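Engineer: PDB, C-alpha atoms, file run20.pdb:
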ATOM      1  CA  MET Y1087       2.556  22.201  -7.312
ATOM      2  CA  THR Y1088       3.239  18.683  -5.998
ATOM      3  CA  ARG Y1089       0.055  16.799  -5.090
ATOM      4  CA  LEU Y1090       0.902  14.636  -2.108
ATOM      5  CA  ALA Y1091      -0.683  11.830  -0.084
ATOM      6  CA  ILE Y1092       0.419  10.784   3.413
ATOM      7  CA  VAL Y1093      -0.345   7.224   4.535
ATOM      8  CA  ASP Y1094       0.248   6.439   8.215
ATOM      9  CA  ASP Y1095      -1.933   4.765  10.827
ATOM     10  CA  ASN Y1096      -0.684   7.169  13.507
ATOM     11  CA  ALA Y1097      -2.658  10.433  13.265
ATOM     12  CA  PHE Y1098      -0.040  12.292  15.313
ATOM     13  CA  LEU Y1099       2.724  11.265  12.899
ATOM     14  CA  GLN Y1100       0.522  12.212   9.943
ATOM     15  CA  ARG Y1101       0.249  15.708  11.389
ATOM     16  CA  ALA Y1102       3.980  15.815  12.133
ATOM     17  CA  VAL Y1103       4.820  15.063   8.489
ATOM     18  CA  ALA Y1104       2.296  17.649   7.307
ATOM     19  CA  GLU Y1105       3.857  20.188   9.681
ATOM     20  CA  LYS Y1106       7.324  19.510   8.247
ATOM     21  CA  LEU Y1107       6.022  20.183   4.749
ATOM     22  CA  SER Y1108       3.967  23.249   5.702
ATOM     23  CA  PHE Y1109       7.074  25.407   5.189
ATOM     24  CA  PHE Y1110       7.056  24.744   1.440
ATOM     25  CA  ASP Y1111       4.604  26.479  -0.884
ATOM     26  CA  ASP Y1112       5.032  23.926  -3.681
ATOM     27  CA  ILE Y1113       3.555  21.040  -1.646
ATOM     28  CA  ASP Y1114      -0.205  20.417  -1.604
ATOM     29  CA  ILE Y1115      -1.303  17.578   0.696
ATOM     30  CA  ARG Y1116      -4.397  16.248  -1.086
ATOM     31  CA  LEU Y1117      -4.993  12.938   0.716
ATOM     32  CA  THR Y1118      -4.289  11.331   4.089
ATOM     33  CA  ALA Y1119      -5.026   7.675   4.842
ATOM     34  CA  SER Y1120      -4.490   5.351   7.789
ATOM     35  CA  ASN Y1121      -3.682   2.131   5.900
ATOM     36  CA  GLY Y1122      -2.910   0.734   2.474
ATOM     37  CA  LEU Y1123      -6.446  -0.311   1.628
ATOM     38  CA  GLU Y1124      -7.763   3.148   2.432
ATOM     39  CA  ILE Y1125      -5.308   4.904   0.101
ATOM     40  CA  LEU Y1126      -6.087   2.415  -2.696
ATOM     41  CA  GLN Y1127      -9.783   3.165  -2.369
ATOM     42  CA  MET Y1128      -9.071   6.916  -2.345
ATOM     43  CA  LEU Y1129      -6.922   6.644  -5.469
ATOM     44  CA  ASP Y1130      -9.742   4.847  -7.283
ATOM     45  CA  GLN Y1131     -11.773   8.017  -6.739
ATOM     46  CA  ASN Y1132      -8.939  10.531  -7.152
ATOM     47  CA  PRO Y1133      -5.831   9.192  -8.947
ATOM     48  CA  HIS Y1134      -4.392  12.682  -9.501
ATOM     49  CA  ILE Y1135      -1.598  12.346  -6.944
ATOM     50  CA  ASP Y1136       2.075  12.858  -7.767
ATOM     51  CA  LEU Y1137       3.708  11.211  -4.773
ATOM     52  CA  ILE Y1138       2.820   9.165  -1.684
ATOM     53  CA  LEU Y1139       4.717   9.170   1.608
ATOM     54  CA  MET Y1140       4.048   5.599   2.781
ATOM     55  CA  ASP Y1141       4.461   4.142   6.265
ATOM     56  CA  ILE Y1142       5.283   0.422   6.467
ATOM     57  CA  GLU Y1143       3.642  -1.112   9.516
ATOM     58  CA  MET Y1144      -0.117  -0.487   9.293
ATOM     59  CA  PRO Y1145      -3.253  -2.567   9.907
ATOM     60  CA  VAL Y1146      -5.507  -3.999   7.163
ATOM     61  CA  CYS Y1147      -2.907  -3.520   4.407
ATOM     62  CA  ASN Y1148       0.700  -2.656   5.200
ATOM     63  CA  GLY Y1149       2.823  -0.167   3.282
ATOM     64  CA  ILE Y1150       4.850  -2.691   1.314
ATOM     65  CA  ASP Y1151       1.797  -4.544   0.025
ATOM     66  CA  ALA Y1152       0.084  -1.219  -0.674
ATOM     67  CA  THR Y1153       3.118  -0.014  -2.629
ATOM     68  CA  ALA Y1154       2.991  -3.071  -4.884
ATOM     69  CA  LEU Y1155      -0.739  -2.592  -5.472
ATOM     70  CA  VAL Y1156      -0.471   1.154  -6.136
ATOM     71  CA  LYS Y1157       2.319   0.534  -8.641
ATOM     72  CA  GLN Y1158       0.168  -2.053 -10.414
ATOM     73  CA  ARG Y1159      -2.823   0.264 -10.722
ATOM     74  CA  HIS Y1160      -1.172   3.718 -10.842
ATOM     75  CA  PRO Y1161       2.439   3.248 -12.016
ATOM     76  CA  GLN Y1162       2.873   6.994 -12.582
ATOM     77  CA  ILE Y1163       2.588   7.747  -8.855
ATOM     78  CA  LYS Y1164       5.912   7.968  -7.033
ATOM     79  CA  ILE Y1165       6.193   6.383  -3.578
ATOM     80  CA  ILE Y1166       8.656   7.169  -0.803
ATOM     81  CA  MET Y1167       8.641   4.857   2.204
ATOM     82  CA  LEU Y1168       8.675   7.044   5.321
ATOM     83  CA  THR Y1169       9.241   4.758   8.272
ATOM     84  CA  VAL Y1170      11.120   3.996  11.483
ATOM     85  CA  PHE Y1171      12.199   0.587  10.152
ATOM     86  CA  ASP Y1172      15.742   0.295   8.804
ATOM     87  CA  ASP Y1173      16.073  -3.514   8.815
ATOM     88  CA  ASP Y1174      17.232  -5.376   5.733
ATOM     89  CA  ASP Y1175      13.979  -7.252   5.067
ATOM     90  CA  ASN Y1176      11.801  -4.138   5.014
ATOM     91  CA  ILE Y1177      14.254  -2.211   2.836
ATOM     92  CA  PHE Y1178      14.569  -5.005   0.300
ATOM     93  CA  SER Y1179      10.848  -5.794   0.244
ATOM     94  CA  ALA Y1180       9.968  -2.123  -0.249
ATOM     95  CA  ILE Y1181      12.358  -1.784  -3.173
ATOM     96  CA  ARG Y1182      11.083  -4.981  -4.764
ATOM     97  CA  ALA Y1183       7.514  -3.756  -4.319
ATOM     98  CA  GLY Y1184       8.360  -0.655  -6.373
ATOM     99  CA  ALA Y1185       9.234   2.051  -3.838
ATOM    100  CA  ASP Y1186      11.013   5.032  -5.410
ATOM    101  CA  GLY Y1187      12.705   6.128  -2.192
ATOM    102  CA  TYR Y1188      13.202   5.219   1.463
ATOM    103  CA  LEU Y1189      13.508   7.784   4.246
ATOM    104  CA  LEU Y1190      13.455   7.449   8.022
ATOM    105  CA  LYS Y1191      10.885   9.456   9.965
ATOM    106  CA  ASP Y1192      13.490  11.556  11.750
ATOM    107  CA  VAL Y1193      14.322  13.269   8.435
ATOM    108  CA  ASN Y1194      14.321  17.062   8.762
ATOM    109  CA  PRO Y1195      11.908  19.245   6.741
ATOM    110  CA  ARG Y1196      14.494  20.443   4.229
ATOM    111  CA  GLU Y1197      15.773  16.925   3.495
ATOM    112  CA  LEU Y1198      12.219  15.593   3.189
ATOM    113  CA  HIS Y1199      11.275  18.340   0.747
ATOM    114  CA  GLN Y1200      14.477  17.831  -1.236
ATOM    115  CA  GLY Y1201      13.850  14.083  -1.324
ATOM    116  CA  ILE Y1202      10.357  14.612  -2.724
ATOM    117  CA  LEU Y1203      11.667  16.884  -5.485
ATOM    118  CA  GLU Y1204      14.515  14.495  -6.277
ATOM    119  CA  THR Y1205      12.117  11.558  -6.564
ATOM    120  CA  LEU Y1206       9.749  13.465  -8.840
ATOM    121  CA  ARG Y1207      12.730  14.197 -11.110
ATOM    122  CA  GLY Y1208      13.372  10.458 -11.426
ATOM    123  CA  GLY Y1209      15.886  10.044  -8.613
ATOM    124  CA  ALA Y1210      15.821   7.571  -5.735
ATOM    125  CA  THR Y1211      16.042   9.462  -2.473
ATOM    126  CA  MET Y1212      17.327   7.535   0.541
ATOM    127  CA  THR Y1213      18.548   8.234   4.039
ATOM    128  CA  PRO Y1214      22.359   7.721   3.775
ATOM    129  CA  SER Y1215      22.382   4.716   6.122
ATOM    130  CA  ILE Y1216      19.593   3.125   4.061
ATOM    131  CA  ALA Y1217      21.508   3.726   0.826
ATOM    132  CA  LEU Y1218      24.538   1.868   2.206
ATOM    133  CA  LYS Y1219      22.398  -1.062   3.294
ATOM    134  CA  THR Y1220      20.664  -1.111  -0.089
ATOM    135  CA  LEU Y1221      23.957  -1.364  -1.968
ATOM    136  CA  ARG Y1222      24.965  -4.297   0.205
ATOM    137  CA  LEU Y1223      21.571  -5.965  -0.146
ATOM    138  CA  LEU Y1224      21.498  -5.676  -3.918
ATOM    139  CA  ARG Y1225      24.827  -7.464  -4.187
ATOM    140  CA  ASN Y1226      23.342 -10.523  -2.477
ATOM    141  CA  ALA Y1227      19.653 -10.137  -3.321
ATOM    142  CA  PRO Y1228      18.987 -13.135  -5.615
ATOM    143  CA  ALA Y1229      20.414 -15.700  -3.203
ATOM    144  CA  ASN Y1230      19.054 -14.391   0.063
ATOM    145  CA  HIS Y1231      15.661 -12.821  -0.577
ATOM    146  CA  PRO Y1232      12.664 -14.514  -2.214
ATOM    147  CA  GLU Y1233      10.046 -12.615  -4.166
ATOM    148  CA  PRO Y1234       7.783 -10.876  -1.611
ATOM    149  CA  LYS Y1235       4.275 -12.299  -1.350
ATOM    150  CA  ILE Y1236       1.387  -9.858  -1.308
ATOM    151  CA  ASP Y1237      -0.822 -10.182   1.761
ATOM    152  CA  PHE Y1238      -4.353  -9.156   0.796
ATOM    153  CA  SER Y1239      -5.442  -9.377   4.453
ATOM    154  CA  LEU Y1240      -8.663 -11.277   3.824
ATOM    155  CA  THR Y1241     -10.423 -12.279   7.019
ATOM    156  CA  ALA Y1242     -11.352 -15.914   7.644
ATOM    157  CA  ARG Y1243     -15.001 -15.094   6.930
ATOM    158  CA  GLU Y1244     -14.127 -13.270   3.674
ATOM    159  CA  THR Y1245     -12.109 -16.303   2.587
ATOM    160  CA  GLU Y1246     -15.112 -18.555   3.311
ATOM    161  CA  VAL Y1247     -17.357 -16.290   1.242
ATOM    162  CA  LEU Y1248     -14.803 -16.275  -1.576
ATOM    163  CA  GLU Y1249     -14.604 -20.073  -1.553
ATOM    164  CA  GLN Y1250     -18.397 -20.271  -1.785
ATOM    165  CA  LEU Y1251     -18.364 -17.683  -4.565
ATOM    166  CA  SER Y1252     -15.818 -19.750  -6.504
ATOM    167  CA  LYS Y1253     -18.313 -22.642  -6.555
ATOM    168  CA  GLY Y1254     -20.759 -20.516  -8.533
ATOM    169  CA  LEU Y1255     -23.224 -20.162  -5.690
ATOM    170  CA  LYS Y1256     -25.719 -17.307  -5.500
ATOM    171  CA  TYR Y1257     -25.672 -14.763  -2.668
ATOM    172  CA  ASP Y1258     -28.718 -16.229  -0.928
ATOM    173  CA  THR Y1259     -27.253 -19.737  -1.049
ATOM    174  CA  ILE Y1260     -23.942 -18.487   0.354
ATOM    175  CA  ALA Y1261     -25.856 -16.688   3.088
ATOM    176  CA  ALA Y1262     -27.727 -19.870   4.017
ATOM    177  CA  ASN Y1263     -24.569 -22.005   3.976
ATOM    178  CA  LEU Y1264     -22.668 -19.597   6.241
ATOM    179  CA  PHE Y1265     -25.636 -18.616   8.423
ATOM    180  CA  LEU Y1266     -25.415 -14.980   7.326
ATOM    181  CA  SER Y1267     -27.872 -12.475   5.922
ATOM    182  CA  ALA Y1268     -27.748 -11.746   2.183
ATOM    183  CA  GLY Y1269     -26.814  -8.140   3.018
ATOM    184  CA  THR Y1270     -23.844  -9.295   5.098
ATOM    185  CA  VAL Y1271     -22.678 -11.510   2.248
ATOM    186  CA  ARG Y1272     -22.869  -8.554  -0.155
ATOM    187  CA  LYS Y1273     -20.800  -6.453   2.268
ATOM    188  CA  HIS Y1274     -18.163  -9.189   2.547
ATOM    189  CA  ILE Y1275     -17.985  -9.400  -1.248
ATOM    190  CA  GLU Y1276     -17.575  -5.612  -1.511
ATOM    191  CA  ASN Y1277     -14.664  -5.857   0.942
ATOM    192  CA  ILE Y1278     -13.146  -8.751  -0.995
ATOM    193  CA  TYR Y1279     -13.294  -6.795  -4.262
ATOM    194  CA  ALA Y1280     -11.660  -3.780  -2.586
ATOM    195  CA  LYS Y1281      -8.858  -5.792  -0.986
ATOM    196  CA  LEU Y1282      -8.119  -7.779  -4.149
ATOM    197  CA  GLN Y1283      -8.519  -4.628  -6.280
ATOM    198  CA  VAL Y1284     -10.922  -6.318  -8.708
ATOM    199  CA  HIS Y1285     -14.291  -5.341 -10.117
ATOM    200  CA  ASN Y1286     -16.245  -8.564 -10.557
ATOM    201  CA  LYS Y1287     -16.616 -12.170  -9.423
ATOM    202  CA  ILE Y1288     -14.516 -13.666 -12.231
ATOM    203  CA  GLU Y1289     -11.568 -11.359 -11.536
ATOM    204  CA  ALA Y1290     -11.843 -12.057  -7.802
ATOM    205  CA  ILE Y1291     -11.800 -15.824  -8.258
ATOM    206  CA  GLN Y1292      -8.917 -15.736 -10.749
ATOM    207  CA  LYS Y1293      -6.811 -13.511  -8.498
ATOM    208  CA  ALA Y1294      -7.608 -15.560  -5.408
ATOM    209  CA  ARG Y1295      -6.560 -18.779  -7.138
ATOM    210  CA  SER Y1296      -3.398 -17.308  -8.638
ATOM    211  CA  ASN Y1297      -2.347 -16.163  -5.154
ATOM    212  CA  ASN Y1298      -3.378 -19.421  -3.463
ATOM    213  CA  LEU Y1299      -6.020 -17.702  -1.361
ATOM    214  CA  ILE Y1300      -8.573 -20.441  -2.075
TER     215      ILE Y1300
END
Here is the file; what I need is its structure written in the form of structure tokens.

Structural biologist:
Amino acid sequence: MTRLAIVDDNAFLQRAVAEKLSFFDDIDIRLTASNGLEILQMLDQNPHIDLILMDIEMPVCNGIDATALVKQRHPQIKIIMLTVFDDDDNIFSAIRAGADGYLLKDVNPRELHQGILETLRGGATMTPSIALKTLRLLRNAPANHPEPKIDFSLTARETEVLEQLSKGLKYDTIAANLFLSAGTVRKHIENIYAKLQVHNKIEAIQKARSNNLI
């Protein structure tokens, strides 16, 4: 039984994908999420997923950034981009982020199911038009496409809190400096940890500095 997650900010399209896969008894949809951050948080609680069908354009954390983060934390999970976007930049960025396949959303149920099985066997399923573009892109990749930068989607306020945190200030001092309550500061820090996928202040500061966030 294949344990599947569907990540798409459009609830109607989530249901449409689930409907396509409802014909197949070997597919078990365990998780659905509306953005990249949400699926990362779900996987922290339940990492026992075989494959993710990942949309690209989503709020909070898009599918390409989420793919890179999932592959860092759960490299055993396969990811197929399932999107309407067939432009060169998205294809290349998705592959560089670690995507195992790339299908367009108009894929029919049989081809989607076959693509999932092929990917789980170690293949790289792609819509034919995407495969042709990928071959062309890979020939010219080093010269034309820089390494994709991960967008952690910190808000301006979260960045301010992180900068204060990096100075070694206590929660109550940060709260006073930013005219916030201590509880609000704690909530911002929880969100920062989740978005950066870290577990403590030291990790958060190191990751923020290495990615030029502060």

Engineer: I'd like the neighbourhood of Asn1297 in chain Y as a list of chain:residue names, where a residue qualifies if any of its atoms comes within 10 Å (using all atoms listed in the file), though same-chain residues fewer than 2 positions away should be ignored.

Structural biologist: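 In the requested format, the answer is Y:Lys1235, Y:Ile1236, Y:Asp1237, Y:Phe1238, Y:Ile1291, Y:Gln1292, Y:Lys1293, Y:Ala1294, Y:Arg1295, Y:Leu1299, Y:Ile1300.
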
Engineer: Given the choices Y:Leu1126, Y:Met1140, Y:Ala1217, Y:Met1167, which gets closest to Asp1095 in chain Y if the distance is worked out from all atoms listed in the file?

Structural biologist: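 When distances to Asp1095 in chain Y are compared using all atoms listed in the file, the smallest one comes from Y:Met1140.
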
Engineer: On this file, the PyMOL selection byres ((chain Y and resi 1093) around 10) gives some set of residues; write that set as an NGL selection string.

Structural biologist: :Y and (1091-1092 or 1094-1097 or 1099-1100 or 1117-1122 or 1124-1125 or 1138-1142 or 1144 or 1148-1149 or 1152 or 1167-1168)

Engineer: Exactly which residues make up the result of the PyMOL selection byres ((chain Y and resi 1157-1166) around 7) on this file, given as a list of chain:residue names?

Structural biologist: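 On this input, the PyMOL selection byres ((chain Y and resi 1157-1166) around 7) captures Y:Ile1135, Y:Asp1136, Y:Leu1137, Y:Ile1138, Y:Leu1139, Y:Met1140, Y:Thr1153, Y:Ala1154, Y:Leu1155, Y:Val1156, Y:Met1167, Y:Leu1168, Y:Gly1184, Y:Ala1185, Y:Asp1186, Y:Gly1187, Y:Tyr1188, Y:Leu1206.
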
Engineer: Just give me the gap between CA of Leu1107 in chain Y and CA of His1199 in chain Y in Å, one decimal is fine.

Structural biologist: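 Going from CA of Leu1107 in chain Y over to CA of His1199 in chain Y covers 6.9 Å.
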
Engineer: Considering all atoms listed in the file, can you say which of Y:Ser1108, Y:Thr1169, Y:Ser1296, Y:Asn1176 comes closest to Val1193 in chain Y?

Structural biologist: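 Between Y:Ser1108, Y:Thr1169, Y:Ser1296, Y:Asn1176, the residue approaching Val1193 in chain Y most closely is Y:Thr1169.
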
Engineer: Quick one: pull the distance between CA of Phe1171 in chain Y and CA of Ala1104 in chain Y, Å, one decimal.

Structural biologist: 19.9 Å

Engineer: Neighbouring residues of Thr1088 in chain Y were defined as those with any atom within 7 Å, considering only C-alpha atoms; residues of the same chain fewer than 6 positions away were excluded. Please report them as a PyMOL selection string.

Structural biologist: chain Y and resi 1112-1114+1136

Engineer: Rounded to one decimal place, report the CA of Ser1179 in chain Y-CA of Ile1150 in chain Y distance in Å.

Structural biologist: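 Going from CA of Ser1179 in chain Y over to CA of Ile1150 in chain Y covers 6.8 Å.
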
Engineer: Compile the contact shell of Ile1216 in chain Y as a PyMOL selection string: residues with an atom at most 12 Å away, counting all atoms listed in the file, same-chain residues fewer than 3 positions apart removed.

Structural biologist: chain Y and resi 1167-1178+1180-1181+1187-1190+1210-1213+1219-1223

Engineer: Would you place a box with edges along x, y and z of the file around all atoms of range 1233-1251 of chain Y listed there, add 3 Å to each of its six sides, and report the centre and edge lengths in Å to one decimal, as JSON?

Structural biologist:
{"center_x": -4.2, "center_y": -14.7, "center_z": 1.5, "size_x": 34.4, "size_y": 17.1, "size_z": 18.2}
